[in-house]
>>> print(open('input_27.txt').read())   # compact mmCIF, C-alpha atoms
# COMPACT_ATOMS: atom_id res chain seq x y z
CA MET A 7 -9.88 148.36 18.02
CA THR A 8 -7.85 145.27 18.90
CA PRO A 9 -4.88 145.37 21.30
CA ASP A 10 -2.60 144.85 18.29
CA ASP A 11 -4.21 147.81 16.50
CA PHE A 12 -3.75 149.98 19.58
CA ASP A 13 -0.08 148.99 19.91
CA PHE A 14 0.48 149.93 16.27
CA LEU A 15 -1.21 153.26 16.86
CA ARG A 16 0.86 153.98 19.99
CA LYS A 17 4.08 153.28 18.10
CA MET A 18 3.05 155.47 15.18
CA LEU A 19 2.14 158.38 17.43
CA ARG A 20 5.43 158.15 19.29
CA GLU A 21 7.45 158.09 16.07
CA ARG A 22 5.48 160.88 14.37
CA SER A 23 4.86 163.32 17.23
CA GLY A 24 6.74 162.17 20.32
CA LEU A 25 3.42 161.57 22.05
CA VAL A 26 3.61 158.73 24.56
CA LEU A 27 0.15 157.20 24.85
CA ALA A 28 -0.24 155.08 27.98
CA ALA A 29 -1.51 151.54 27.64
CA GLU A 30 -4.66 152.37 29.58
CA LYS A 31 -5.58 155.25 27.23
CA GLN A 32 -7.22 153.17 24.51
CA TYR A 33 -10.55 154.79 25.35
CA LEU A 34 -9.02 158.19 24.59
CA ALA A 35 -7.75 157.03 21.22
CA GLU A 36 -11.14 155.60 20.33
CA SER A 37 -13.04 158.75 21.30
CA ARG A 38 -10.72 161.03 19.32
CA LEU A 39 -10.41 158.84 16.25
CA LEU A 40 -14.07 158.05 15.69
CA PRO A 41 -14.66 161.52 14.16
CA VAL A 42 -11.62 160.95 11.90
CA ALA A 43 -13.06 157.63 10.74
CA ARG A 44 -16.41 159.30 9.97
CA LYS A 45 -14.69 162.13 8.08
CA TYR A 46 -12.89 159.65 5.84
CA ASN A 47 -15.93 157.35 5.50
CA ILE A 48 -14.18 154.48 7.25
CA ALA A 49 -16.49 151.91 8.81
CA SER A 50 -14.52 151.12 11.97
CA LEU A 51 -11.38 152.01 13.90
CA GLY A 52 -9.96 148.63 12.97
CA ASP A 53 -10.33 149.58 9.30
CA LEU A 54 -8.76 152.96 10.03
CA VAL A 55 -5.68 151.32 11.54
CA GLN A 56 -5.49 148.92 8.60
CA GLN A 57 -5.37 151.85 6.20
CA LEU A 58 -2.65 153.45 8.31
CA ARG A 59 -0.61 150.26 8.05
CA VAL A 60 -0.93 150.28 4.26
CA MET A 61 -0.55 154.05 3.73
CA PRO A 62 1.61 155.40 6.60
CA ASN A 63 2.24 158.74 4.85
CA SER A 64 -1.32 159.49 3.77
CA PRO A 65 -3.49 162.47 4.75
CA LEU A 66 -5.32 160.02 7.01
CA ALA A 67 -2.10 159.51 8.99
CA VAL A 68 -1.68 163.27 9.38
CA ALA A 69 -5.30 163.63 10.53
CA THR A 70 -4.83 160.77 13.02
CA VAL A 71 -1.77 162.34 14.62
CA GLU A 72 -3.40 165.76 14.78
CA ALA A 73 -6.54 164.31 16.37
CA MET A 74 -4.49 162.68 19.11
CA THR A 75 -2.43 165.73 20.07
CA THR A 76 -3.78 167.82 22.93
CA ASN A 77 -4.78 171.39 22.02
CA GLU A 78 -5.89 172.63 25.43
CA THR A 79 -4.98 176.30 25.81
CA PHE A 80 -6.43 179.63 26.85
CA PHE A 81 -5.44 183.27 27.17
CA PHE A 82 -2.82 184.05 29.84
CA ARG A 83 -2.84 180.41 30.92
CA ASP A 84 -1.31 179.91 34.40
CA LYS A 85 -0.66 183.69 34.65
CA LEU A 86 2.83 183.30 36.19
CA PRO A 87 4.74 182.89 32.89
CA TYR A 88 3.16 186.09 31.61
CA ASP A 89 4.12 187.92 34.80
CA HIS A 90 7.68 186.72 34.20
CA PHE A 91 7.49 187.91 30.60
CA ARG A 92 6.23 191.36 31.53
CA ASP A 93 8.28 191.96 34.70
CA THR A 94 11.54 190.07 34.12
CA ILE A 95 12.08 189.02 30.51
CA LEU A 96 11.03 192.13 28.60
CA PRO A 97 12.88 194.71 30.74
CA ALA A 98 16.10 192.68 30.50
CA LEU A 99 15.84 192.14 26.76
CA VAL A 100 14.86 195.73 26.00
CA ALA A 101 18.01 196.89 27.83
CA ALA A 102 20.17 194.27 26.10
CA HIS A 103 18.87 195.10 22.63
CA ASP A 104 19.10 198.86 22.85
CA ARG A 105 21.20 198.96 19.68
CA ASP A 106 19.49 196.57 17.28
CA LYS A 107 16.03 197.01 18.84
CA ARG A 108 14.85 193.59 17.71
CA ILE A 109 13.52 190.80 19.94
CA ARG A 110 12.57 187.35 18.60
CA ILE A 111 10.04 185.16 20.43
CA TRP A 112 9.12 181.56 19.65
CA CYS A 113 5.98 179.90 20.95
CA ALA A 114 6.37 176.17 20.34
CA ALA A 115 3.19 174.06 20.39
CA ALA A 116 1.10 177.23 20.09
CA SER A 117 -2.17 175.43 19.36
CA THR A 118 -5.01 177.85 18.52
CA GLY A 119 -2.91 180.93 19.25
CA GLN A 120 -3.95 182.16 22.67
CA GLU A 121 -0.37 182.02 24.00
CA PRO A 122 1.35 184.10 21.30
CA TYR A 123 -1.57 186.53 21.20
CA SER A 124 -1.33 186.93 24.99
CA LEU A 125 2.33 187.90 24.60
CA ALA A 126 1.45 190.29 21.79
CA LEU A 127 -1.19 191.94 23.98
CA ILE A 128 1.34 192.44 26.78
CA ILE A 129 3.79 194.04 24.36
CA ARG A 130 1.13 196.31 22.87
CA GLU A 131 -0.11 197.43 26.29
CA LEU A 132 3.42 198.16 27.54
CA ALA A 133 4.30 200.07 24.36
CA GLN A 134 1.37 202.40 25.01
CA LYS A 135 2.70 203.16 28.48
CA GLU A 136 6.37 203.27 27.46
CA PRO A 137 6.67 204.95 24.05
CA ALA A 138 10.34 203.93 23.72
CA LEU A 139 9.13 200.36 23.12
CA ALA A 140 7.49 201.47 19.89
CA ALA A 141 10.98 201.65 18.36
CA TYR A 142 11.55 197.94 18.96
CA ARG A 143 10.67 195.21 16.49
CA PHE A 144 9.06 192.17 18.11
CA ASP A 145 8.98 189.05 15.95
CA ILE A 146 6.67 186.39 17.38
CA LEU A 147 6.75 182.99 15.70
CA ALA A 148 4.09 180.47 16.71
CA THR A 149 4.43 176.85 15.62
CA ASP A 150 2.40 173.70 16.05
CA LEU A 151 2.23 170.19 14.67
CA SER A 152 -1.39 170.66 13.57
CA GLY A 153 -2.15 172.73 10.51
CA ASP A 154 -5.85 172.80 11.43
CA VAL A 155 -5.34 174.53 14.76
CA LEU A 156 -2.93 177.00 13.18
CA GLU A 157 -5.58 177.98 10.64
CA ARG A 158 -7.87 178.80 13.54
CA ALA A 159 -5.06 180.75 15.18
CA ARG A 160 -4.42 182.81 12.05
CA SER A 161 -8.07 183.79 11.90
CA GLY A 162 -7.93 185.05 15.50
CA ILE A 163 -11.58 184.08 15.97
CA TYR A 164 -12.66 182.69 19.33
CA SER A 165 -15.91 181.62 20.93
CA GLN A 166 -17.50 183.37 23.88
CA PHE A 167 -16.28 180.52 26.07
CA GLU A 168 -12.70 180.89 24.84
CA VAL A 169 -12.47 184.64 25.43
CA GLN A 170 -13.87 184.19 28.92
CA ARG A 171 -11.01 181.84 29.85
CA GLY A 172 -8.23 184.04 31.23
CA LEU A 173 -8.74 187.13 29.08
CA PRO A 174 -9.35 190.31 31.12
CA ILE A 175 -12.57 192.03 30.11
CA GLN A 176 -10.78 195.32 29.41
CA LEU A 177 -8.52 193.61 26.84
CA LEU A 178 -11.50 191.88 25.25
CA LEU A 179 -13.32 195.17 24.76
CA LYS A 180 -10.17 196.98 23.62
CA TYR A 181 -8.71 194.49 21.16
CA PHE A 182 -11.56 192.25 19.99
CA SER A 183 -14.54 192.82 17.72
CA GLN A 184 -17.69 190.78 18.04
CA VAL A 185 -18.54 188.77 14.93
CA GLY A 186 -21.93 187.14 15.42
CA GLU A 187 -21.51 184.87 18.42
CA THR A 188 -17.71 184.92 18.20
CA TRP A 189 -14.93 187.42 18.84
CA GLN A 190 -12.03 188.30 16.51
CA ILE A 191 -8.78 189.76 17.74
CA ALA A 192 -7.73 193.07 16.18
CA PRO A 193 -5.74 193.01 12.90
CA GLU A 194 -2.81 194.86 14.46
CA ILE A 195 -2.44 192.12 17.09
CA ARG A 196 -2.78 189.33 14.51
CA ALA A 197 -0.08 191.02 12.44
CA MET A 198 2.37 190.69 15.32
CA VAL A 199 2.36 186.88 15.11
CA GLN A 200 3.53 184.59 12.31
CA PHE A 201 2.27 180.99 12.31
CA ARG A 202 4.09 177.98 10.90
CA THR A 203 3.52 174.22 10.95
CA LEU A 204 6.37 172.47 12.75
CA ASN A 205 6.97 169.09 14.37
CA LEU A 206 9.33 169.44 17.34
CA LEU A 207 10.80 166.04 16.49
CA ASN A 208 12.11 167.49 13.22
CA ASP A 209 15.01 169.87 12.64
CA PHE A 210 14.11 173.41 13.62
CA SER A 211 17.55 175.01 13.26
CA PRO A 212 16.40 176.95 10.14
CA LEU A 213 14.14 178.99 12.41
CA GLY A 214 17.20 180.90 13.60
CA ARG A 215 18.10 182.31 16.99
CA PHE A 216 15.51 183.44 19.54
CA ASP A 217 15.61 185.63 22.62
CA VAL A 218 12.62 183.94 24.26
CA VAL A 219 11.19 180.46 23.80
CA PHE A 220 7.84 179.46 25.30
CA CYS A 221 7.64 175.67 25.17
CA ARG A 222 4.91 175.04 27.68
CA ASN A 223 2.83 171.96 28.39
CA VAL A 224 4.20 169.88 25.54
CA LEU A 225 7.23 168.12 27.05
CA ILE A 226 4.91 166.36 29.49
CA TYR A 227 3.69 164.20 26.60
CA PHE A 228 7.21 163.05 25.61
CA ASP A 229 9.35 160.26 27.01
CA GLN A 230 12.61 161.18 28.73
CA PRO A 231 14.97 160.73 25.75
CA THR A 232 12.72 162.89 23.58
CA LYS A 233 12.53 165.60 26.26
CA ILE A 234 16.33 165.67 26.46
CA GLN A 235 16.71 165.85 22.70
CA VAL A 236 14.18 168.67 22.28
CA LEU A 237 15.60 170.72 25.17
CA ASN A 238 19.17 170.42 23.89
CA ARG A 239 18.13 171.47 20.41
CA ILE A 240 16.17 174.43 21.82
CA ALA A 241 19.30 175.43 23.72
CA ARG A 242 21.12 175.83 20.42
CA GLN A 243 18.42 178.23 19.21
CA ILE A 244 18.42 180.56 22.22
CA ALA A 245 20.64 183.61 22.52
CA GLU A 246 23.15 183.67 25.38
CA ASP A 247 21.03 186.23 27.23
CA GLY A 248 17.75 184.52 26.32
CA TYR A 249 15.01 182.82 28.31
CA LEU A 250 13.09 179.55 28.21
CA ALA A 251 9.61 179.25 29.73
CA LEU A 252 8.25 175.78 30.50
CA GLY A 253 4.93 174.58 31.89
CA ALA A 254 4.24 174.21 35.59
CA ALA A 255 4.73 170.43 35.47
CA GLU A 256 7.92 170.61 33.37
CA THR A 257 11.58 171.14 34.24
CA VAL A 258 15.08 170.89 32.80
CA VAL A 259 16.45 169.54 36.09
CA GLY A 260 17.78 166.04 35.64
CA LEU A 261 17.42 166.27 31.86
CA THR A 262 20.02 168.72 30.57
CA ASP A 263 22.74 171.08 31.77
CA ALA A 264 22.11 173.43 28.86
CA PHE A 265 19.78 175.51 31.04
CA ARG A 266 19.63 176.49 34.67
CA PRO A 267 16.57 177.57 36.66
CA LEU A 268 16.24 181.28 37.33
CA THR A 269 16.18 181.83 41.07
CA GLU A 270 12.70 182.48 42.47
CA LYS A 271 11.17 182.47 38.96
CA ARG A 272 9.33 179.17 38.77
CA GLY A 273 9.16 177.75 35.27
CA LEU A 274 11.74 180.18 33.87
CA TYR A 275 15.20 179.09 32.72
CA VAL A 276 18.28 180.72 31.21
CA PRO A 277 21.16 179.26 29.20
CA ASN A 278 23.91 177.74 31.31
CA PRO A 279 27.24 179.41 30.40
CA ALA A 280 29.19 176.42 31.70
CA ALA A 281 27.48 174.16 29.16
CA ARG A 282 27.90 176.67 26.34
CA ASP A 283 31.65 176.96 26.90
CA LEU A 284 32.06 173.57 25.21
CA GLU A 285 30.22 174.57 22.03
CA PRO A 286 32.85 176.83 20.40
CA LEU A 287 35.43 174.02 20.57
CA ALA A 288 33.04 171.59 18.91
CA MET A 289 32.13 174.12 16.24
CA ALA A 290 35.79 174.95 15.56
CA GLY A 291 36.55 171.27 15.09
CA GLY A 292 33.66 170.95 12.66
CA ALA A 293 34.86 174.00 10.73
CA ARG A 294 38.33 172.55 10.33
CA ARG A 295 36.96 169.27 9.08
CA GLY A 296 34.85 171.14 6.53
CA MET A 297 37.80 173.09 5.06
>>> encode(input="input_27.txt", output="structure tokens")
Amino acid sequence: MTPDDFDFLRKMLRERSGLVLAAEKQYLAESRLLPVARKYNIASLGDLVQQLRVMPNSPLAVATVEAMTTNETFFFRDKLPYDHFRDTILPALVAAHDRDKRIRIWCAAASTGQEPYSLALIIRELAQKEPALAAYRFDILATDLSGDVLERARSGIYSQFEVQRGLPIQLLLKYFSQVGETWQIAPEIRAMVQFRTLNLLNDFSPLGRFDVVFCRNVLIYFDQPTKIQVLNRIARQIAEDGYLALGAAETVVGLTDAFRPLTEKRGLYVPNPAARDLEPLAMAGGARRGM
């Protein structure tokens, strides 16, 4: 791959997925794209890039972007966000939604599904201890740029290595069935999660309003303007009493006033009422113009 080919690839990835690929990461691109070239019977990475130049909207372009996105995940990754979900988020939302008894959760960049399934497992375990939770409807939406990883997520099938990463043994034995050398999560847990292909650079307002958004370990791959844009659009999708969970290396500080950190809850943010006070005026103006 020539330097010019790599520059073209970097620009395409940034435009299509928001991924900022550093100049010194050409080796990473080559290692991840060689299998794509073999799959499409392309002789070299230079030929692959040439085809991308000619057919920018082809299945090859989709496969290239998906191959370059990072899909590292595991059950109950980093632990702390799930402690926040169980101990802080759920009790507050259950109390707030006592009338409608419906809570909507969005896992953005869900990869192969371990994150949304981890949340579903927490809900199921708590509902067994607190029967009142059984009356609540929990809608978990999991999205990702890659259709391939979402297909894996829908199947709920994981290798021995994957179930050993973060998943307590008691939950493995309780909610998974062994299928040959793999493990499949129980149908009732799979039924709690809906999966949908979504690019965070595109409009996601049709998804509706959410009470909780997990957007973890994806913003780190974006440049600053893209981070700001995505965070501000997420803010418009979160209920006033909702929560945003980010990864350990991510923050809203210095990027947007739409959220504020929750005191002593690292990685957890809530909508900033001061920023939201301006929205009704803007919406009213838009409504008048549309009449």
>>> residues_around(input="input_27.txt", residues="Arg38 (chain A)", least_positions_apart="3", cutoff="9 Å", atoms="only C-alpha atoms", output="PyMOL selection string")
chain A and resi 33-35+41-42+70+73-74
>>> closest_residue(input="input_27.txt", among="A:Glu187, A:Val259, A:Tyr275, A:Asn208", to="Val236 (chain A)", atoms="all atoms listed in the file")
A:Asn208
>>> closest_residue(input="input_27.txt", among="A:Phe216, A:Tyr249, A:Phe228, A:Phe265", to="Ala28 (chain A)", atoms="only C-alpha atoms")
A:Phe228
>>> atom_distance(input="input_27.txt", atom1="CA of Leu58 (chain A)", atom2="CA of Ser117 (chain A)")
24.6 Å
>>> atom_distance(input="input_27.txt", atom1="CA of Leu179 (chain A)", atom2="CA of Ile191 (chain A)")
10.0 Å
>>> atom_distance(input="input_27.txt", atom1="CA of Leu147 (chain A)", atom2="CA of Val219 (chain A)")
9.6 Å
>>> closest_residue(input="input_27.txt", among="A:Arg202, A:Arg108, A:Arg171, A:Arg196", to="Lys85 (chain A)", atoms="all atoms listed in the file")
A:Arg171
>>> residues_near_point(input="input_27.txt", point="(5.9, 178.7, 32.0)", cutoff="10 Å", atoms="all atoms listed in the file", output="JSON, numbers by chain")
{"A": [83, 84, 85, 86, 87, 88, 89, 90, 91, 219, 220, 221, 222, 223, 250, 251, 252, 253, 254, 255, 256, 257, 271, 272, 273, 274, 275]}
>>> closest_residue(input="input_27.txt", among="A:Ser23, A:Asn238, A:Gln176, A:Thr269", to="Ala281 (chain A)", atoms="only C-alpha atoms")
A:Asn238
>>> residues_around(input="input_27.txt", residues="Leu261 (chain A)", least_positions_apart="2", cutoff="8 Å", atoms="all atoms listed in the file", output="list in words")
Gln230, Lys233, Ile234, Thr257, Val258, Val259 and Asp263 of chain A
>>> closest_residue(input="input_27.txt", among="A:Val169, A:Leu156, A:Ile240, A:Val218", to="Leu206 (chain A)", atoms="only C-alpha atoms")
A:Ile240
>>> closest_residue(input="input_27.txt", among="A:Pro9, A:Met198, A:Arg16, A:Ala114", to="Val224 (chain A)", atoms="only C-alpha atoms")
A:Ala114
>>> residues_around(input="input_27.txt", residues="Leu177 (chain A)", least_positions_apart="6", cutoff="12 Å", atoms="all atoms listed in the file", output="PyMOL selection string")
chain A and resi 81-82+123-124+126-128+130-131+169-170+183+189+191-192+195
>>> residues_around(input="input_27.txt", residues="Val26 (chain A)", least_positions_apart="5", cutoff="9 Å", atoms="all atoms listed in the file", output="VMD selection string")
chain A and resid 16 to 17 19 to 20 227 to 229
>>> decode(input="input_27.txt", residues="region 15-55 of chain A", atoms="N, CA and C atoms", output="short mmCIF file (atom, residue, chain, number, x, y, z; two decimals), in the first residue's frame")
data_model
loop_
_atom_site.label_atom_id
_atom_site.label_comp_id
_atom_site.auth_asym_id
_atom_site.auth_seq_id
_atom_site.Cartn_x
_atom_site.Cartn_y
_atom_site.Cartn_z
N LEU A 15 -7.38 5.93 2.18
CA LEU A 15 -8.08 5.06 3.11
C LEU A 15 -8.42 5.78 4.41
N ARG A 16 -7.47 6.54 4.94
CA ARG A 16 -7.71 7.30 6.18
C ARG A 16 -8.86 8.28 6.01
N LYS A 17 -8.89 8.97 4.87
CA LYS A 17 -9.96 9.94 4.62
C LYS A 17 -11.31 9.24 4.50
N MET A 18 -11.34 8.11 3.81
CA MET A 18 -12.58 7.37 3.65
C MET A 18 -13.12 6.88 4.99
N LEU A 19 -12.24 6.35 5.81
CA LEU A 19 -12.66 5.85 7.12
C LEU A 19 -13.21 6.97 7.99
N ARG A 20 -12.56 8.12 7.94
CA ARG A 20 -13.03 9.25 8.74
C ARG A 20 -14.40 9.72 8.29
N GLU A 21 -14.61 9.77 6.97
CA GLU A 21 -15.89 10.24 6.45
C GLU A 21 -17.01 9.23 6.69
N ARG A 22 -16.68 7.94 6.61
CA ARG A 22 -17.71 6.90 6.70
C ARG A 22 -18.04 6.50 8.13
N SER A 23 -17.04 6.52 9.02
CA SER A 23 -17.27 5.99 10.37
C SER A 23 -16.86 6.91 11.50
N GLY A 24 -16.15 8.00 11.17
CA GLY A 24 -15.63 8.87 12.21
C GLY A 24 -14.29 8.42 12.76
N LEU A 25 -13.85 7.24 12.33
CA LEU A 25 -12.59 6.69 12.83
C LEU A 25 -11.41 7.52 12.35
N VAL A 26 -10.60 7.97 13.30
CA VAL A 26 -9.39 8.72 12.98
C VAL A 26 -8.22 7.75 13.08
N LEU A 27 -7.65 7.42 11.94
CA LEU A 27 -6.54 6.47 11.88
C LEU A 27 -5.23 7.25 11.81
N ALA A 28 -4.40 7.09 12.82
CA ALA A 28 -3.15 7.82 12.90
C ALA A 28 -2.22 7.45 11.75
N ALA A 29 -1.35 8.40 11.40
CA ALA A 29 -0.46 8.20 10.27
C ALA A 29 0.46 7.00 10.46
N GLU A 30 0.79 6.70 11.70
CA GLU A 30 1.71 5.58 11.96
C GLU A 30 1.00 4.23 12.04
N LYS A 31 -0.30 4.19 11.75
CA LYS A 31 -1.07 2.95 11.88
C LYS A 31 -1.26 2.23 10.54
N GLN A 32 -0.38 2.46 9.59
CA GLN A 32 -0.54 1.78 8.31
C GLN A 32 -0.43 0.27 8.47
N TYR A 33 0.41 -0.17 9.39
CA TYR A 33 0.56 -1.61 9.63
C TYR A 33 -0.76 -2.22 10.08
N LEU A 34 -1.53 -1.47 10.87
CA LEU A 34 -2.81 -1.96 11.35
C LEU A 34 -3.79 -2.12 10.20
N ALA A 35 -3.81 -1.11 9.33
CA ALA A 35 -4.69 -1.18 8.16
C ALA A 35 -4.35 -2.38 7.29
N GLU A 36 -3.06 -2.59 7.08
CA GLU A 36 -2.64 -3.70 6.22
C GLU A 36 -3.02 -5.05 6.82
N SER A 37 -2.84 -5.21 8.12
CA SER A 37 -3.14 -6.49 8.76
C SER A 37 -4.63 -6.78 8.75
N ARG A 38 -5.47 -5.75 8.88
CA ARG A 38 -6.91 -5.97 8.92
C ARG A 38 -7.54 -6.08 7.54
N LEU A 39 -6.89 -5.49 6.54
CA LEU A 39 -7.48 -5.49 5.21
C LEU A 39 -7.02 -6.63 4.32
N LEU A 40 -5.93 -7.29 4.70
CA LEU A 40 -5.50 -8.44 3.91
C LEU A 40 -6.58 -9.53 3.83
N PRO A 41 -7.26 -9.87 4.96
CA PRO A 41 -8.35 -10.85 4.86
C PRO A 41 -9.49 -10.37 3.97
N VAL A 42 -9.75 -9.06 3.96
CA VAL A 42 -10.81 -8.53 3.08
C VAL A 42 -10.41 -8.71 1.62
N ALA A 43 -9.14 -8.42 1.32
CA ALA A 43 -8.67 -8.60 -0.06
C ALA A 43 -8.79 -10.06 -0.49
N ARG A 44 -8.43 -10.98 0.40
CA ARG A 44 -8.54 -12.41 0.06
C ARG A 44 -9.99 -12.81 -0.16
N LYS A 45 -10.89 -12.30 0.69
CA LYS A 45 -12.31 -12.63 0.57
C LYS A 45 -12.87 -12.20 -0.78
N TYR A 46 -12.43 -11.06 -1.27
CA TYR A 46 -12.94 -10.53 -2.53
C TYR A 46 -12.03 -10.87 -3.73
N ASN A 47 -11.08 -11.80 -3.49
CA ASN A 47 -10.18 -12.24 -4.55
C ASN A 47 -9.42 -11.08 -5.21
N ILE A 48 -8.94 -10.19 -4.37
CA ILE A 48 -8.17 -9.04 -4.85
C ILE A 48 -6.70 -9.32 -4.58
N ALA A 49 -5.87 -9.10 -5.57
CA ALA A 49 -4.47 -9.53 -5.51
C ALA A 49 -3.64 -8.78 -4.48
N SER A 50 -3.89 -7.50 -4.29
CA SER A 50 -3.06 -6.70 -3.38
C SER A 50 -3.89 -5.61 -2.74
N LEU A 51 -3.34 -5.00 -1.67
CA LEU A 51 -4.03 -3.91 -1.01
C LEU A 51 -4.09 -2.67 -1.90
N GLY A 52 -3.07 -2.52 -2.76
CA GLY A 52 -3.12 -1.42 -3.71
C GLY A 52 -4.30 -1.57 -4.66
N ASP A 53 -4.57 -2.80 -5.11
CA ASP A 53 -5.72 -3.06 -5.98
C ASP A 53 -7.02 -2.85 -5.22
N LEU A 54 -7.02 -3.21 -3.93
CA LEU A 54 -8.22 -3.00 -3.11
C LEU A 54 -8.55 -1.52 -3.05
N VAL A 55 -7.55 -0.69 -2.76
CA VAL A 55 -7.79 0.75 -2.67
C VAL A 55 -8.24 1.31 -4.02
#
